[in-house]
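> What follows is a single structure, and I will ask about it in a moment.
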Amino acid sequence: MASQWSSPPPPLLLLPYVVLLSTAMAAGTASSSSSSDQDWNRAHATFYGGSDASGTMGGACGYGNLYSTGYGTTTAALSTALFNDGASCGQCFTIKCDVEMDPRWCLPGKSVTITATNFCPPNYALPNDNGGWCNPPLQHFDMAQPAWEQIAIYRGGIVPVLFQRVPCVKTGGVRFTVNGRSYFELVLISNVGGAGSISAVSIKGSNGNWQPMSRNWGANWQSNSYLNGQSLSFRVTISDGTTLVFSDIVPSDWQFGQTFTSSLQF
């Protein structure tokens with residue numbers, strides 16, 4: 001799958017391996033009624049990508065090779081109800097299998113924290129409770145297989161889960177990959193900690209002023225200015241309102257396709 005697009009990527013065909021549907025399938029928007037789980041939300045989870053998660057590379061957030069970009073195998077594709085047209089890219093969720101609802105396939109006492117890196121598209125040809133797992137309004141996680149197997153047994157195929165959004169803990173600083181061409185800088189911002197997802201970005205060349213960028217797709221933000229030969233700074237606001245300024249993170253001799261790692265992290 002290509003990791004760069006100048007316009008929103010085509011729909012991804014994610015075909016989760018599904019063996020058995022739990023009899024406890026319910027609309028994913030409800031909150032857990034258990035007093036011990038009152039801070040958790042209900043959803044369901046399937047898995048994809050193979051035992052090494054190689055099939056999860058690329059994806060609708062644009063992070064590319066998830067091994068080399070630090071996301072590894074603890075990732076998931078989100079259904080429409082969670083993906084928010086790409087605004088949820090980079091968010092982190094702790095997920096545990098709902099053993100009370102499905103004791104056969106859930107691993108009790110286990111949880112895993114994943115990063116949202118992909119989109120699980122709806123399949124309106126199938127009913128919500130029999131193959132259309134990612135159809136609105138269902139909250140659904142199509143998890144990388146290694147992550148899914150930390151909370152459930154492989155043969156289960158689909159399980160009810162409880163989830164919470166949690167702060168992202170990342171190793172190293174925020175990364176900026178400058179793609180595109182002259183008058184079209186397409187910047188992938190990755191390895192974002194804290195809230196994980198980005199709500200606003202501005203860019204400044206060393207010869208100019210701050211200019212707002214717009215989300216092109218996923219975690220890719222665009223500028224239509226001519227910034228060649230200038231050092232670049234970024235002002236990034238994540239979805240909890242925290243803002244950091246990455247001054248001159250990109251040196252003036254930058255080239256398209258290069259990645260620059262900051263020393264700052266949310």
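In the structure tokens, chains take the letters A, B, ... in the order shown, each chain's residues start at 1, and ligands count up from 1 in the order shown.
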Run DSSP on the backbone of this structure and report the residues of region 116-209 of chain A it assigns to helix (DSSP H, G or I), as number ranges by chain.
A: 145-148, 154-156
> Show me a table, sorted first by chain and then by increasing residue number, of the residues of region 170-216 of chain A having an atom at most 7 Å from region 91-102 of chain A, each with its shortest atom pair and the distance in Å to one decimal, counting only C-alpha atoms and written as JSON lines.

```
{"residue": "A:Ala195", "atom": "CA", "partner": "A:Gln91", "partner_atom": "CA", "distance": 6.3}
{"residue": "A:Gly196", "atom": "CA", "partner": "A:Gln91", "partner_atom": "CA", "distance": 4.5}
{"residue": "A:Ser197", "atom": "CA", "partner": "A:Gln91", "partner_atom": "CA", "distance": 5.2}
```
> What is the distance, in Å and to one decimal place, between CA of Val187 (chain A) and CA of Asp52 (chain A)?
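These two atoms are separated by 28.2 Å.
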> Which residues come within 10 Å of Thr117 (chain A), counting only C-alpha atoms, excluding same-chain residues fewer than 6 positions away, as a list in words?
Thr56, Met57, Gly58, Gly59, Ala60, Cys61, Gly62, Tyr63, Gly64, Leu66, Tyr71, Thr74, Thr75, Ala76, Ala77, Leu78, Phe83, Gly86, Ser88, Cys89, Gly90, Gln91, Cys92, Met143, Gly218 and Ala219 of chain A
> Report as a ChimeraX atom specification: the residues of region 24-104 of chain A with a DSSP assignment of strand (DSSP E), based on the backbone of this structure.
/A:41-48,75-78,92-97
> Please, what distance in Å, to one decimal, runs between CA of Arg215 (chain A) and CA of Asn135 (chain A)?
24.2 Å
> Per residue of region 131-214 of chain A within 9 Å of region 239-251 of chain A, note the shortest atom pair and the distance in Å to one decimal, counting only C-alpha atoms, and order the rows by chain and increasing residue number, as a tab-separated table.

```
residue	atom	partner	partner_atom	distance
A:Phe176	CA	A:Val250	CA	8.2
A:Val178	CA	A:Val250	CA	8.9
A:Gly194	CA	A:Asp240	CA	8.3
A:Ala195	CA	A:Asp240	CA	6.0
A:Gly196	CA	A:Ser239	CA	7.6
A:Ser197	CA	A:Ser239	CA	5.7
A:Ile198	CA	A:Ser239	CA	5.5
A:Ser199	CA	A:Ser239	CA	5.1
A:Ala200	CA	A:Ser239	CA	8.3
A:Lys204	CA	A:Asp248	CA	8.7
A:Gly205	CA	A:Asp248	CA	8.4
A:Ser206	CA	A:Asp248	CA	7.7
```
> So which residues touch Asp142 (chain A) within 10 Å, counting only C-alpha atoms, skipping near sequence neighbours fewer than 5 positions away, as a compact mmCIF listing (two decimals) with all heavy atoms, in the first residue's frame?

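Contents of part05.txt, freshly written:
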```txt
# COMPACT_ATOMS: atom_id res chain seq x y z
N LEU A 14 -10.46 -4.09 4.31
CA LEU A 14 -9.95 -4.86 5.42
C LEU A 14 -10.90 -6.02 5.65
O LEU A 14 -12.08 -5.84 5.88
CB LEU A 14 -9.88 -3.99 6.68
CG LEU A 14 -9.07 -2.70 6.53
CD1 LEU A 14 -9.10 -1.94 7.86
CD2 LEU A 14 -7.64 -3.03 6.15
N LEU A 15 -10.35 -7.21 5.58
CA LEU A 15 -11.19 -8.39 5.72
C LEU A 15 -10.78 -9.12 6.99
O LEU A 15 -9.90 -9.96 6.98
CB LEU A 15 -11.02 -9.30 4.49
CG LEU A 15 -11.41 -8.65 3.17
CD1 LEU A 15 -11.10 -9.60 2.02
CD2 LEU A 15 -12.89 -8.27 3.17
N PRO A 16 -11.39 -8.78 8.12
CA PRO A 16 -11.02 -9.43 9.37
C PRO A 16 -11.30 -10.91 9.31
O PRO A 16 -12.25 -11.37 8.66
CB PRO A 16 -11.92 -8.74 10.40
CG PRO A 16 -12.46 -7.53 9.72
CD PRO A 16 -12.47 -7.84 8.26
N TYR A 17 -10.45 -11.67 9.99
CA TYR A 17 -10.65 -13.10 10.07
C TYR A 17 -11.72 -13.34 11.13
O TYR A 17 -11.52 -13.09 12.30
CB TYR A 17 -9.34 -13.77 10.47
CG TYR A 17 -9.46 -15.26 10.63
CD1 TYR A 17 -9.38 -16.09 9.54
CD2 TYR A 17 -9.66 -15.81 11.89
CE1 TYR A 17 -9.49 -17.45 9.69
CE2 TYR A 17 -9.77 -17.17 12.05
CZ TYR A 17 -9.68 -17.99 10.94
OH TYR A 17 -9.79 -19.33 11.10
N HIS A 44 -16.68 -4.01 19.89
CA HIS A 44 -16.26 -5.35 19.52
C HIS A 44 -14.92 -5.26 18.80
O HIS A 44 -14.53 -4.19 18.33
CB HIS A 44 -17.31 -6.04 18.63
CG HIS A 44 -18.46 -6.61 19.41
ND1 HIS A 44 -19.46 -5.81 19.92
CD2 HIS A 44 -18.75 -7.89 19.78
CE1 HIS A 44 -20.32 -6.57 20.58
NE2 HIS A 44 -19.92 -7.84 20.49
N ALA A 45 -14.23 -6.37 18.72
CA ALA A 45 -12.92 -6.38 18.07
C ALA A 45 -12.74 -7.63 17.22
O ALA A 45 -13.16 -8.72 17.62
CB ALA A 45 -11.80 -6.28 19.11
N THR A 46 -12.13 -7.42 16.08
CA THR A 46 -11.67 -8.49 15.21
C THR A 46 -10.17 -8.27 15.01
O THR A 46 -9.57 -7.43 15.66
CB THR A 46 -12.39 -8.45 13.85
OG1 THR A 46 -12.40 -7.10 13.36
CG2 THR A 46 -13.83 -8.93 13.98
N PHE A 47 -9.57 -9.04 14.10
CA PHE A 47 -8.14 -8.82 13.84
C PHE A 47 -7.83 -9.02 12.37
O PHE A 47 -8.60 -9.62 11.62
CB PHE A 47 -7.28 -9.75 14.71
CG PHE A 47 -7.49 -11.23 14.47
CD1 PHE A 47 -6.80 -11.92 13.50
CD2 PHE A 47 -8.40 -11.95 15.26
CE1 PHE A 47 -6.98 -13.28 13.30
CE2 PHE A 47 -8.59 -13.31 15.09
CZ PHE A 47 -7.88 -13.98 14.10
N TYR A 48 -6.69 -8.48 11.96
CA TYR A 48 -6.23 -8.60 10.57
C TYR A 48 -4.71 -8.47 10.53
O TYR A 48 -4.07 -8.18 11.55
CB TYR A 48 -6.88 -7.53 9.68
CG TYR A 48 -6.30 -6.13 9.79
CD1 TYR A 48 -5.67 -5.54 8.70
CD2 TYR A 48 -6.38 -5.39 10.96
CE1 TYR A 48 -5.14 -4.24 8.77
CE2 TYR A 48 -5.88 -4.11 11.05
CZ TYR A 48 -5.25 -3.53 9.95
OH TYR A 48 -4.73 -2.26 10.04
N GLY A 49 -4.13 -8.69 9.36
CA GLY A 49 -2.72 -8.39 9.16
C GLY A 49 -1.75 -9.52 9.35
O GLY A 49 -0.55 -9.36 9.12
N THR A 75 -1.46 -2.02 17.13
CA THR A 75 -2.20 -1.01 16.39
C THR A 75 -3.59 -1.53 16.06
O THR A 75 -3.89 -2.72 16.25
CB THR A 75 -1.48 -0.64 15.07
OG1 THR A 75 -1.46 -1.81 14.21
CG2 THR A 75 -0.05 -0.18 15.33
N ALA A 76 -4.43 -0.64 15.55
CA ALA A 76 -5.78 -1.06 15.16
C ALA A 76 -6.33 -0.11 14.11
O ALA A 76 -5.95 1.06 14.03
CB ALA A 76 -6.72 -1.09 16.36
N ALA A 77 -7.25 -0.66 13.31
CA ALA A 77 -8.08 0.14 12.40
C ALA A 77 -9.39 0.43 13.11
O ALA A 77 -9.97 -0.45 13.75
CB ALA A 77 -8.32 -0.63 11.10
N LEU A 78 -9.87 1.66 13.00
CA LEU A 78 -11.08 2.08 13.70
C LEU A 78 -12.27 2.12 12.74
O LEU A 78 -12.12 2.49 11.57
CB LEU A 78 -10.89 3.47 14.31
CG LEU A 78 -9.68 3.71 15.21
CD1 LEU A 78 -9.76 5.10 15.83
CD2 LEU A 78 -9.56 2.64 16.28
N SER A 79 -13.43 1.79 13.27
CA SER A 79 -14.66 1.92 12.48
C SER A 79 -15.00 3.39 12.29
O SER A 79 -14.44 4.28 12.95
CB SER A 79 -15.81 1.20 13.18
OG SER A 79 -16.09 1.82 14.43
N ALA A 116 -4.24 4.03 17.09
CA ALA A 116 -5.07 4.03 15.88
C ALA A 116 -4.22 4.43 14.68
O ALA A 116 -3.69 5.54 14.63
CB ALA A 116 -6.22 5.02 16.05
N ASN A 118 -5.25 3.10 11.28
CA ASN A 118 -5.93 2.70 10.05
C ASN A 118 -7.44 2.87 10.20
O ASN A 118 -7.95 3.13 11.30
CB ASN A 118 -5.57 1.24 9.70
CG ASN A 118 -5.67 0.95 8.23
OD1 ASN A 118 -6.18 1.75 7.45
ND2 ASN A 118 -5.18 -0.21 7.82
N PHE A 119 -8.14 2.68 9.11
CA PHE A 119 -9.59 2.81 9.04
C PHE A 119 -10.20 1.49 8.63
O PHE A 119 -9.74 0.85 7.67
CB PHE A 119 -9.96 3.90 8.03
CG PHE A 119 -11.43 4.03 7.73
CD1 PHE A 119 -12.36 4.18 8.75
CD2 PHE A 119 -11.90 4.03 6.42
CE1 PHE A 119 -13.72 4.31 8.48
CE2 PHE A 119 -13.25 4.17 6.13
CZ PHE A 119 -14.16 4.31 7.17
N CYS A 120 -11.21 1.06 9.36
CA CYS A 120 -11.97 -0.14 8.99
C CYS A 120 -13.25 0.32 8.31
O CYS A 120 -14.15 0.85 8.97
CB CYS A 120 -12.28 -0.97 10.24
SG CYS A 120 -13.18 -2.50 9.87
N TRP A 133 -19.13 -5.53 10.68
CA TRP A 133 -18.71 -5.13 12.02
C TRP A 133 -18.38 -3.63 12.12
O TRP A 133 -18.54 -3.04 13.19
CB TRP A 133 -17.48 -5.92 12.46
CG TRP A 133 -17.45 -7.36 12.07
CD1 TRP A 133 -16.45 -8.00 11.41
CD2 TRP A 133 -18.42 -8.38 12.36
NE1 TRP A 133 -16.73 -9.34 11.25
CE2 TRP A 133 -17.94 -9.60 11.82
CE3 TRP A 133 -19.66 -8.38 13.01
CZ2 TRP A 133 -18.63 -10.79 11.91
CZ3 TRP A 133 -20.36 -9.56 13.10
CH2 TRP A 133 -19.86 -10.76 12.56
N CYS A 134 -17.91 -3.05 11.02
CA CYS A 134 -17.47 -1.66 11.06
C CYS A 134 -18.52 -0.69 10.53
O CYS A 134 -18.23 0.50 10.31
CB CYS A 134 -16.15 -1.50 10.28
SG CYS A 134 -14.76 -2.32 11.11
N TRP A 148 -4.44 -8.35 19.22
CA TRP A 148 -5.70 -9.02 19.53
C TRP A 148 -5.47 -10.28 20.36
O TRP A 148 -6.20 -10.57 21.30
CB TRP A 148 -6.41 -9.36 18.22
CG TRP A 148 -7.86 -9.73 18.34
CD1 TRP A 148 -8.92 -8.89 18.32
CD2 TRP A 148 -8.42 -11.05 18.48
NE1 TRP A 148 -10.10 -9.59 18.43
CE2 TRP A 148 -9.82 -10.92 18.53
CE3 TRP A 148 -7.86 -12.33 18.56
CZ2 TRP A 148 -10.67 -12.00 18.66
CZ3 TRP A 148 -8.70 -13.42 18.70
CH2 TRP A 148 -10.10 -13.25 18.74
N ILE A 158 -14.11 -12.85 16.66
CA ILE A 158 -14.67 -11.57 17.07
C ILE A 158 -15.09 -11.69 18.53
O ILE A 158 -15.66 -12.71 18.93
CB ILE A 158 -15.85 -11.12 16.19
CG1 ILE A 158 -16.39 -9.77 16.67
CG2 ILE A 158 -16.92 -12.17 16.10
CD1 ILE A 158 -17.40 -9.15 15.71
```
> Kindly indicate which residue among A:Ser214, A:Thr73, A:Ser223, A:Ser262 lies nearest to Pro146 (chain A), using only C-alpha atoms for the distances.
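Of the candidates, the smallest distance to Pro146 (chain A) is held by A:Thr73.
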> Go through A:Leu82, A:Leu186, A:Val174, A:Ala125 one by one, measure the shortest atom-to-atom distance of each to Arg235 (chain A) using only C-alpha atoms, and give the residue with the smallest value.
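Among the listed residues, A:Val174 lies closest to Arg235 (chain A).
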> What separation in Å, quoted to one decimal, exists between CA of Ile153 (chain A) and CA of Asn41 (chain A)?
21.1 Å
> So that I can check the surroundings of Asp253 (chain A), please list as a list in words every protein, DNA and RNA residue that reaches within 8 Å of it, counting only C-alpha atoms and ignoring chain neighbours fewer than 6 positions away.
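Here the qualifying residues turn out to be Gly229, Gln230 and Ser231 of chain A.
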> Nearest residue to Ser263 (chain A) out of A:Ser233, A:Gly172, A:Trp221, A:Val201, using only C-alpha atoms?
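Result for the nearest residue to Ser263 (chain A): A:Gly172.
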> Tell me which protein, DNA and RNA residues are within 12 Å of Gln222 (chain A), counting only C-alpha atoms, leaving out same-chain ones fewer than 4 positions away, and put them as a ChimeraX atom specification.
/A:5-7,177-189,200-203,211-218,226,234
> Using only C-alpha atoms for the distances, tell me which of A:Ser225, A:Asn191, A:Gln164, A:Thr259 is nearest to Trp40 (chain A).
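Once distances to Trp40 (chain A) are computed over only C-alpha atoms, the minimum belongs to A:Gln164.
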